[in-house]
$ cat input.csv   # CSV, C-alpha atoms
chain,number,residue,atom,x,y,z
T,1,MET,CA,-8.2,-13.6,31.4
T,2,SER,CA,-11.0,-13.1,34.0
T,3,VAL,CA,-10.4,-9.4,34.2
T,4,ASN,CA,-13.2,-7.5,32.6
T,5,ILE,CA,-12.0,-5.1,30.0
T,6,GLU,CA,-14.4,-2.3,29.1
T,7,VAL,CA,-14.6,-2.3,25.3
T,8,ALA,CA,-15.7,0.7,23.4
T,9,LYS,CA,-16.0,-1.1,20.0
T,10,VAL,CA,-15.9,-4.6,18.7
T,11,MET,CA,-14.4,-5.3,15.3
T,12,ASP,CA,-15.2,-8.6,13.6
T,13,LEU,CA,-12.2,-9.4,11.3
T,14,LYS,CA,-12.9,-13.1,11.0
T,15,GLY,CA,-12.0,-14.6,7.6
T,16,LEU,CA,-10.0,-11.6,6.5
T,17,ALA,CA,-6.6,-12.2,5.0
T,18,CYS,CA,-3.4,-10.1,5.2
T,19,PRO,CA,-3.3,-7.0,5.1
T,20,MET,CA,-7.0,-6.4,5.8
T,21,PRO,CA,-7.0,-7.0,9.6
T,22,VAL,CA,-4.5,-4.2,10.2
T,23,VAL,CA,-5.9,-2.0,7.5
T,24,LYS,CA,-9.3,-2.2,9.2
T,25,VAL,CA,-8.1,-1.8,12.7
T,26,SER,CA,-6.0,1.2,11.8
T,27,LYS,CA,-9.2,2.8,10.6
T,28,GLY,CA,-11.4,1.5,13.3
T,29,ILE,CA,-9.3,2.7,16.2
T,30,LYS,CA,-9.8,6.3,15.0
T,31,GLU,CA,-13.5,5.9,15.8
T,32,VAL,CA,-13.0,5.6,19.5
T,33,GLU,CA,-11.6,8.1,21.9
T,34,VAL,CA,-7.9,8.1,23.1
T,35,GLY,CA,-7.7,5.9,26.1
T,36,GLU,CA,-10.6,3.7,25.0
T,37,ILE,CA,-10.2,0.0,24.1
T,38,ILE,CA,-11.3,-1.9,21.0
T,39,GLU,CA,-11.7,-5.6,20.7
T,40,ALA,CA,-10.6,-7.0,17.4
T,41,ILE,CA,-11.3,-10.6,16.5
T,42,SER,CA,-9.2,-12.2,13.8
T,43,THR,CA,-8.8,-15.6,12.3
T,44,ASP,CA,-5.6,-14.8,10.4
T,45,PRO,CA,-2.7,-16.5,12.1
T,46,GLY,CA,-0.4,-13.7,10.8
T,47,SER,CA,-2.3,-11.3,13.0
T,48,LEU,CA,-0.3,-12.7,16.0
T,49,THR,CA,2.8,-10.9,14.8
T,50,ASP,CA,1.1,-8.2,12.7
T,51,PHE,CA,-1.0,-6.6,15.4
T,52,PRO,CA,1.9,-6.1,17.9
T,53,ALA,CA,4.0,-4.7,15.1
T,54,TRP,CA,1.2,-2.4,14.0
T,55,ALA,CA,0.6,-1.3,17.6
T,56,ARG,CA,4.3,-0.5,18.2
T,57,THR,CA,4.6,1.5,14.9
T,58,SER,CA,1.3,3.4,15.3
T,59,GLY,CA,1.9,4.1,19.0
T,60,ASN,CA,-1.1,2.1,20.4
T,61,GLU,CA,-1.1,-0.6,23.0
T,62,ILE,CA,-2.3,-4.1,23.0
T,63,VAL,CA,-3.5,-4.6,26.6
T,64,ASP,CA,-4.5,-8.3,26.1
T,65,THR,CA,-4.4,-11.1,23.6
T,66,GLN,CA,-6.7,-14.1,23.9
T,67,GLN,CA,-6.1,-17.0,21.6
T,68,SER,CA,-8.5,-19.9,21.2
T,69,GLU,CA,-8.6,-22.7,18.6
T,70,GLU,CA,-10.9,-20.7,16.3
T,71,GLU,CA,-9.9,-17.1,16.8
T,72,ILE,CA,-7.6,-14.5,18.3
T,73,LYS,CA,-9.0,-11.6,20.3
T,74,PHE,CA,-6.9,-8.5,20.6
T,75,TYR,CA,-7.7,-5.7,23.1
T,76,ILE,CA,-6.2,-2.6,21.8
T,77,LYS,CA,-6.0,0.7,23.7
T,78,ARG,CA,-6.0,3.8,21.5
T,79,LEU,CA,-3.0,6.0,22.6
T,80,ALA,CA,-2.3,7.8,19.4
L,1,MET,CA,28.8,37.5,23.8
L,2,GLU,CA,28.7,38.2,20.1
L,3,GLU,CA,30.8,35.1,19.6
L,4,LEU,CA,28.3,33.0,21.5
L,5,GLU,CA,25.4,34.4,19.4
L,6,LYS,CA,27.3,33.5,16.3
L,7,GLN,CA,27.9,30.0,17.5
L,8,MET,CA,24.2,29.6,18.4
L,9,GLU,CA,23.2,30.7,15.0
L,10,LEU,CA,25.6,28.2,13.4
L,11,LEU,CA,24.2,25.5,15.6
L,12,LYS,CA,20.6,26.4,14.6
L,13,ALA,CA,21.5,26.2,10.9
L,14,GLN,CA,23.1,22.8,11.5
L,15,ILE,CA,20.0,21.5,13.3
L,16,ASP,CA,17.8,22.7,10.5
L,17,ALA,CA,19.9,21.0,7.9
L,18,THR,CA,19.8,17.7,9.8
L,19,GLY,CA,16.0,18.0,9.9
L,20,ASN,CA,15.9,18.3,6.1
L,21,ARG,CA,18.0,15.2,5.7
L,22,MET,CA,15.7,13.1,7.8
L,23,PRO,CA,13.5,10.9,5.6
L,24,ASP,CA,9.7,11.2,5.8
L,25,ASN,CA,7.7,8.3,7.2
L,26,LYS,CA,7.1,7.2,3.6
L,27,VAL,CA,7.4,4.1,1.4
L,28,SER,CA,8.3,4.4,-2.3
L,29,LEU,CA,7.5,1.4,-4.4
L,30,ILE,CA,8.6,0.9,-8.0
L,31,VAL,CA,6.1,-1.4,-9.7
L,32,PHE,CA,8.2,-2.6,-12.7
L,33,SER,CA,6.5,-6.0,-13.1
L,34,GLY,CA,3.1,-6.5,-14.7
L,35,ASP,CA,2.9,-10.0,-13.1
L,36,LEU,CA,-0.2,-10.7,-11.0
L,37,ASP,CA,1.7,-12.1,-8.1
L,38,LYS,CA,4.3,-9.3,-7.9
L,39,ALA,CA,1.7,-6.6,-8.3
L,40,LEU,CA,-0.3,-8.2,-5.5
L,41,ALA,CA,2.8,-8.1,-3.2
L,42,ALA,CA,3.3,-4.5,-4.1
L,43,PHE,CA,-0.3,-3.6,-3.1
L,44,VAL,CA,-0.3,-5.6,0.1
L,45,ILE,CA,2.8,-3.7,1.2
L,46,ALA,CA,1.3,-0.4,0.0
L,47,THR,CA,-2.0,-0.8,1.9
L,48,GLY,CA,-0.3,-2.3,4.9
L,49,ALA,CA,2.0,0.6,5.1
L,50,VAL,CA,-0.9,3.0,5.2
L,51,ALA,CA,-2.2,1.0,8.1
L,52,MET,CA,1.1,1.5,9.8
L,53,GLY,CA,0.7,5.3,9.4
L,54,MET,CA,3.0,5.7,6.5
L,55,ASP,CA,2.6,7.8,3.4
L,56,VAL,CA,2.9,5.6,0.3
L,57,VAL,CA,3.7,6.4,-3.3
L,58,MET,CA,3.8,3.7,-6.1
L,59,PHE,CA,5.7,4.3,-9.3
L,60,PHE,CA,4.4,2.3,-12.2
L,61,THR,CA,6.9,1.8,-14.9
L,62,PHE,CA,7.5,-0.6,-17.9
L,63,TRP,CA,5.5,-3.8,-17.6
L,64,GLY,CA,3.7,-2.3,-14.6
L,65,THR,CA,2.0,0.4,-16.6
L,66,PRO,CA,-0.5,-1.8,-18.5
L,67,LEU,CA,-2.0,-2.9,-15.1
L,68,LEU,CA,-3.5,0.6,-14.9
L,69,ARG,CA,-5.2,0.6,-18.3
L,70,ASP,CA,-9.0,0.7,-18.3
L,71,LYS,CA,-10.6,-1.9,-20.4
L,72,ASN,CA,-13.7,0.3,-21.0
L,73,LYS,CA,-11.7,3.2,-22.4
L,74,LYS,CA,-10.9,3.0,-26.0
L,75,VAL,CA,-8.6,5.5,-27.7
L,76,GLY,CA,-7.9,5.9,-31.4
L,77,GLY,CA,-5.2,7.4,-33.5
L,78,LYS,CA,-2.4,4.9,-32.6
L,79,ASP,CA,0.3,3.8,-35.0
L,80,THR,CA,0.8,0.1,-35.8
L,81,MET,CA,3.5,-0.6,-33.2
L,82,SER,CA,1.4,1.0,-30.5
L,83,LYS,CA,-1.6,-1.0,-31.5
L,84,MET,CA,0.5,-4.2,-31.4
L,85,PHE,CA,1.8,-3.4,-27.9
L,86,GLY,CA,-1.6,-2.5,-26.8
L,87,ALA,CA,-3.1,-5.8,-28.0
L,88,MET,CA,-0.3,-8.0,-26.5
L,89,LEU,CA,-0.1,-6.4,-23.1
L,90,PRO,CA,-2.8,-6.9,-20.4
L,91,THR,CA,-5.6,-4.3,-20.5
L,92,GLY,CA,-5.9,-3.7,-16.8
L,93,ALA,CA,-5.2,-5.5,-13.6
L,94,LYS,CA,-7.8,-8.2,-14.3
L,95,GLU,CA,-5.8,-9.6,-17.2
L,96,ALA,CA,-2.5,-9.9,-15.3
L,97,LYS,CA,-0.9,-13.4,-15.2
L,98,LEU,CA,1.2,-15.2,-12.6
L,99,SER,CA,4.9,-15.0,-13.1
L,100,LYS,CA,5.2,-18.7,-12.4
L,101,MET,CA,2.9,-21.6,-13.1
L,102,ASN,CA,0.6,-19.7,-15.4
L,103,MET,CA,0.2,-22.8,-17.6
L,104,GLY,CA,-1.6,-21.1,-20.4
L,105,GLY,CA,-3.9,-19.2,-18.0
L,106,MET,CA,-4.9,-22.3,-16.0
L,107,GLY,CA,-2.6,-21.6,-13.1
L,108,THR,CA,-3.7,-18.0,-12.9
L,109,MET,CA,-7.3,-19.1,-12.9
L,110,MET,CA,-6.7,-21.6,-10.1
L,111,MET,CA,-4.8,-19.0,-8.1
L,112,LYS,CA,-7.6,-16.5,-8.5
L,113,SER,CA,-10.2,-19.0,-7.3
L,114,LEU,CA,-8.0,-19.9,-4.4
L,115,MET,CA,-7.6,-16.2,-3.5
L,116,GLU,CA,-11.4,-15.8,-3.5
L,117,LYS,CA,-11.8,-18.9,-1.3
L,118,LYS,CA,-9.2,-17.7,1.2
L,119,ASN,CA,-10.7,-14.2,1.2
L,120,VAL,CA,-7.6,-12.6,-0.3
L,121,SER,CA,-8.6,-9.4,-2.2
L,122,SER,CA,-8.2,-9.4,-6.0
L,123,LEU,CA,-5.7,-7.1,-7.6
L,124,GLU,CA,-8.6,-4.8,-8.8
L,125,GLY,CA,-9.9,-4.8,-5.3
L,126,PHE,CA,-6.5,-3.8,-4.0
L,127,ILE,CA,-6.3,-0.9,-6.4
L,128,GLU,CA,-9.7,0.4,-5.2
L,129,LEU,CA,-8.6,0.0,-1.5
L,130,ALA,CA,-5.3,1.8,-2.3
L,131,GLU,CA,-7.3,4.7,-3.7
L,132,GLU,CA,-9.6,4.8,-0.7
L,133,LEU,CA,-6.5,4.8,1.6
L,134,GLY,CA,-4.9,7.7,-0.3
L,135,VAL,CA,-2.0,5.7,-1.8
L,136,ARG,CA,-0.5,7.9,-4.5
L,137,ILE,CA,0.2,6.5,-7.9
L,138,PHE,CA,2.8,7.9,-10.2
L,139,ILE,CA,2.9,6.7,-13.8
L,140,CYS,CA,6.1,6.8,-15.8
L,141,GLU,CA,5.7,9.0,-18.8
L,142,MET,CA,8.4,7.3,-20.8
L,143,SER,CA,6.9,3.8,-20.4
L,144,MET,CA,3.5,5.2,-21.5
L,145,ASP,CA,5.2,6.8,-24.6
L,146,LEU,CA,7.2,3.7,-25.4
L,147,MET,CA,4.2,1.4,-25.3
L,148,GLY,CA,2.0,3.9,-27.0
L,149,PHE,CA,-0.5,4.3,-24.1
L,150,LYS,CA,-2.4,7.5,-23.8
L,151,ARG,CA,-3.6,9.1,-20.6
L,152,GLU,CA,-7.2,8.8,-21.7
L,153,GLU,CA,-7.0,5.0,-21.5
L,154,MET,CA,-5.7,4.8,-17.9
L,155,ILE,CA,-8.0,4.0,-15.0
L,156,ASP,CA,-9.7,6.7,-13.0
L,157,TYR,CA,-7.7,7.0,-9.8
L,158,GLU,CA,-8.0,10.0,-7.5
L,159,HIS,CA,-4.3,10.2,-6.5
L,160,LYS,CA,-2.7,9.7,-9.9
L,161,THR,CA,0.0,11.7,-11.6
L,162,TYR,CA,2.4,11.3,-14.5
L,163,GLY,CA,6.1,12.0,-14.5
L,164,GLY,CA,9.7,11.0,-14.9
L,165,VAL,CA,12.6,9.7,-13.0
L,166,ALA,CA,13.3,13.0,-11.1
L,167,GLY,CA,9.9,12.9,-9.6
L,168,PHE,CA,10.5,9.4,-8.4
L,169,LEU,CA,14.0,10.1,-7.0
L,170,GLU,CA,12.8,13.1,-5.1
L,171,GLU,CA,10.1,10.9,-3.4
L,172,ALA,CA,12.5,8.0,-2.9
L,173,ALA,CA,15.2,10.2,-1.4
L,174,ASN,CA,12.7,11.3,1.3
L,175,SER,CA,11.4,7.8,2.0
L,176,LYS,CA,12.4,5.4,4.7
L,177,ILE,CA,11.7,2.4,2.5
L,178,GLN,CA,12.3,2.0,-1.2
L,179,LEU,CA,11.4,-1.2,-3.0
L,180,PHE,CA,11.7,-2.4,-6.6
L,181,ILE,CA,9.1,-4.9,-7.5

$ encode --input "input.csv" --output "structure tokens"
Amino acid sequence: MSVNIEVAKVMDLKGLACPMPVVKVSKGIKEVEVGEIIEAISTDPGSLTDFPAWARTSGNEIVDTQQSEEEIKFYIKRLA
Amino acid sequence: MEELEKQMELLKAQIDATGNRMPDNKVSLIVFSGDLDKALAAFVIATGAVAMGMDVVMFFTFWGTPLLRDKNKKVGGKDTMSKMFGAMLPTGAKEAKLSKMNMGGMGTMMMKSLMEKKNVSSLEGFIELAEELGVRIFICEMSMDLMGFKREEMIDYEHKTYGGVAGFLEEAANSKIQLFI
């Protein structure tokens, strides 16, 4: 948690409902270079299962997930 | 040596044939229903599949076809039966009703306001998003003909084609996922 992750791009997906968080992230990740990390902030509880499923299928990596009461932060490394 | 070459060739042909049998990373959806809730489910899957890196094609047939009519496009020259069908069926996605708890339109209205509150896109919004994402739409020619719809009254949609069952089957046979909604 205390490890600093260098983020190339932050995506605010708060308030968005299924399937928008993954739709937006799949587009947004193309805007950073391979190897860079994006931070995606979602309030959709479905994201907790959707983001890992999306990452596995699209060949990207979730390096960290931080969940608080209000939001979920995903740190996703572009690999594909 | 010659024998070996022959076997190699045979093996190569077999590998090629296997490659052809592998389905594409594609989803084929049949949108048979014109109900709001079912069409929404179809579009959530379609747009989600694009996010997963899949190619998506949606086949609109029967009650699904009127969802793609454009309210602002009027066409003349229809016979009485076609006019009747035209008047009774929804003119576009905006007029679609819930399959359950419609309650004379009250239920659908309540669901729509809930969707707005919860930030769930409208069906019209989903169609626009699908177009932006490159989801292909294939409209059944026979349904159009049966219900008396003309091509000129369908919505503008960049990746739209018309066709029959063979077109669908070709796509479905090469898809990993096929769904009937």

$ atom_distance --input "input.csv" --atom1 "atom CA of L:Asp35" --atom2 "atom CA of L:Gly107"
12.8 Å

$ interface_residues --input "input.csv" --of "chain T" --to "chain L" --cutoff "6 Å" --atoms "only C-alpha atoms" --output "ChimeraX atom specification"
/T:16-17,19,23,26,54,58

$ atom_distance --input "input.csv" --atom1 "atom CA of T:Glu70" --atom2 "atom CA of T:Val22"
18.7 Å

$ closest_residue --input "input.csv" --among "L:Ala17, L:Leu146, L:Ile155, L:Ile139" --to "L:Lys83" --atoms "only C-alpha atoms"
L:Leu146

$ residues_around --input "input.csv" --residues "L:Lys112" --least-positions-apart "5" --cutoff "12 Å" --atoms "all atoms listed in the file" --output "tab-separated table (two decimals) with C-alpha atoms, in the coordinates of the input"
chain	number	residue	atom	x	y	z
L	36	LEU	CA	-0.20	-10.70	-11.00
L	37	ASP	CA	1.70	-12.10	-8.10
L	40	LEU	CA	-0.30	-8.20	-5.50
L	94	LYS	CA	-7.80	-8.20	-14.30
L	95	GLU	CA	-5.80	-9.60	-17.20
L	96	ALA	CA	-2.50	-9.90	-15.30
L	97	LYS	CA	-0.90	-13.40	-15.20
L	98	LEU	CA	1.20	-15.20	-12.60
L	102	ASN	CA	0.60	-19.70	-15.40
L	105	GLY	CA	-3.90	-19.20	-18.00
L	106	MET	CA	-4.90	-22.30	-16.00
L	107	GLY	CA	-2.60	-21.60	-13.10
L	117	LYS	CA	-11.80	-18.90	-1.30
L	118	LYS	CA	-9.20	-17.70	1.20
L	119	ASN	CA	-10.70	-14.20	1.20
L	120	VAL	CA	-7.60	-12.60	-0.30
L	121	SER	CA	-8.60	-9.40	-2.20
L	122	SER	CA	-8.20	-9.40	-6.00
L	123	LEU	CA	-5.70	-7.10	-7.60
L	124	GLU	CA	-8.60	-4.80	-8.80

$ residues_around --input "input.csv" --residues "L:Gly148" --least-positions-apart "5" --cutoff "8 Å" --atoms "all atoms listed in the file" --output "number ranges by chain"
L: 78, 81-83, 85-86

$ closest_residue --input "input.csv" --among "L:Ile127, L:Leu89, L:Leu114, L:Met101" --to "L:Asp156" --atoms "all atoms listed in the file"
L:Ile127

$ closest_residue --input "input.csv" --among "L:Ser143, L:Asn25, L:Ser99, L:Thr80" --to "L:Val56" --atoms "all atoms listed in the file"
L:Asn25

$ atom_distance --input "input.csv" --atom1 "atom CA of L:Glu131" --atom2 "atom CA of T:Leu13"
21.2 Å

$ residues_around --input "input.csv" --residues "T:Phe74" --least-positions-apart "5" --cutoff "7 Å" --atoms "only C-alpha atoms" --output "short mmCIF file (atom, residue, chain, number, x, y, z; two decimals) with C-alpha atoms, in the coordinates of the input"
data_model
loop_
_atom_site.label_atom_id
_atom_site.label_comp_id
_atom_site.auth_asym_id
_atom_site.auth_seq_id
_atom_site.Cartn_x
_atom_site.Cartn_y
_atom_site.Cartn_z
CA GLU T 39 -11.70 -5.60 20.70
CA ALA T 40 -10.60 -7.00 17.40
CA ILE T 41 -11.30 -10.60 16.50
CA ILE T 62 -2.30 -4.10 23.00
CA ASP T 64 -4.50 -8.30 26.10
CA THR T 65 -4.40 -11.10 23.60
CA GLN T 66 -6.70 -14.10 23.90
#

$ closest_residue --input "input.csv" --among "L:Met111, L:Ala39, L:Leu179, L:Met22" --to "L:Trp63" --atoms "all atoms listed in the file"
L:Ala39

$ closest_residue --input "input.csv" --among "L:Glu3, L:Gly77, L:Gly34, L:Met58" --to "L:Thr161" --atoms "all atoms listed in the file"
L:Met58

$ residues_around --input "input.csv" --residues "L:Val31" --least-positions-apart "2" --cutoff "6 Å" --atoms "all atoms listed in the file" --output "PyMOL selection string"
chain L and resi 33+59-60+64+181

$ residues_around --input "input.csv" --residues "L:Lys74" --least-positions-apart "5" --cutoff "12 Å" --atoms "only C-alpha atoms" --output "PyMOL selection string"
chain L and resi 69+83+86-87+91+149-155

$ closest_residue --input "input.csv" --among "T:Ile29, T:Thr49, T:Glu36, T:Ser42" --to "T:Ser68" --atoms "all atoms listed in the file"
T:Ser42
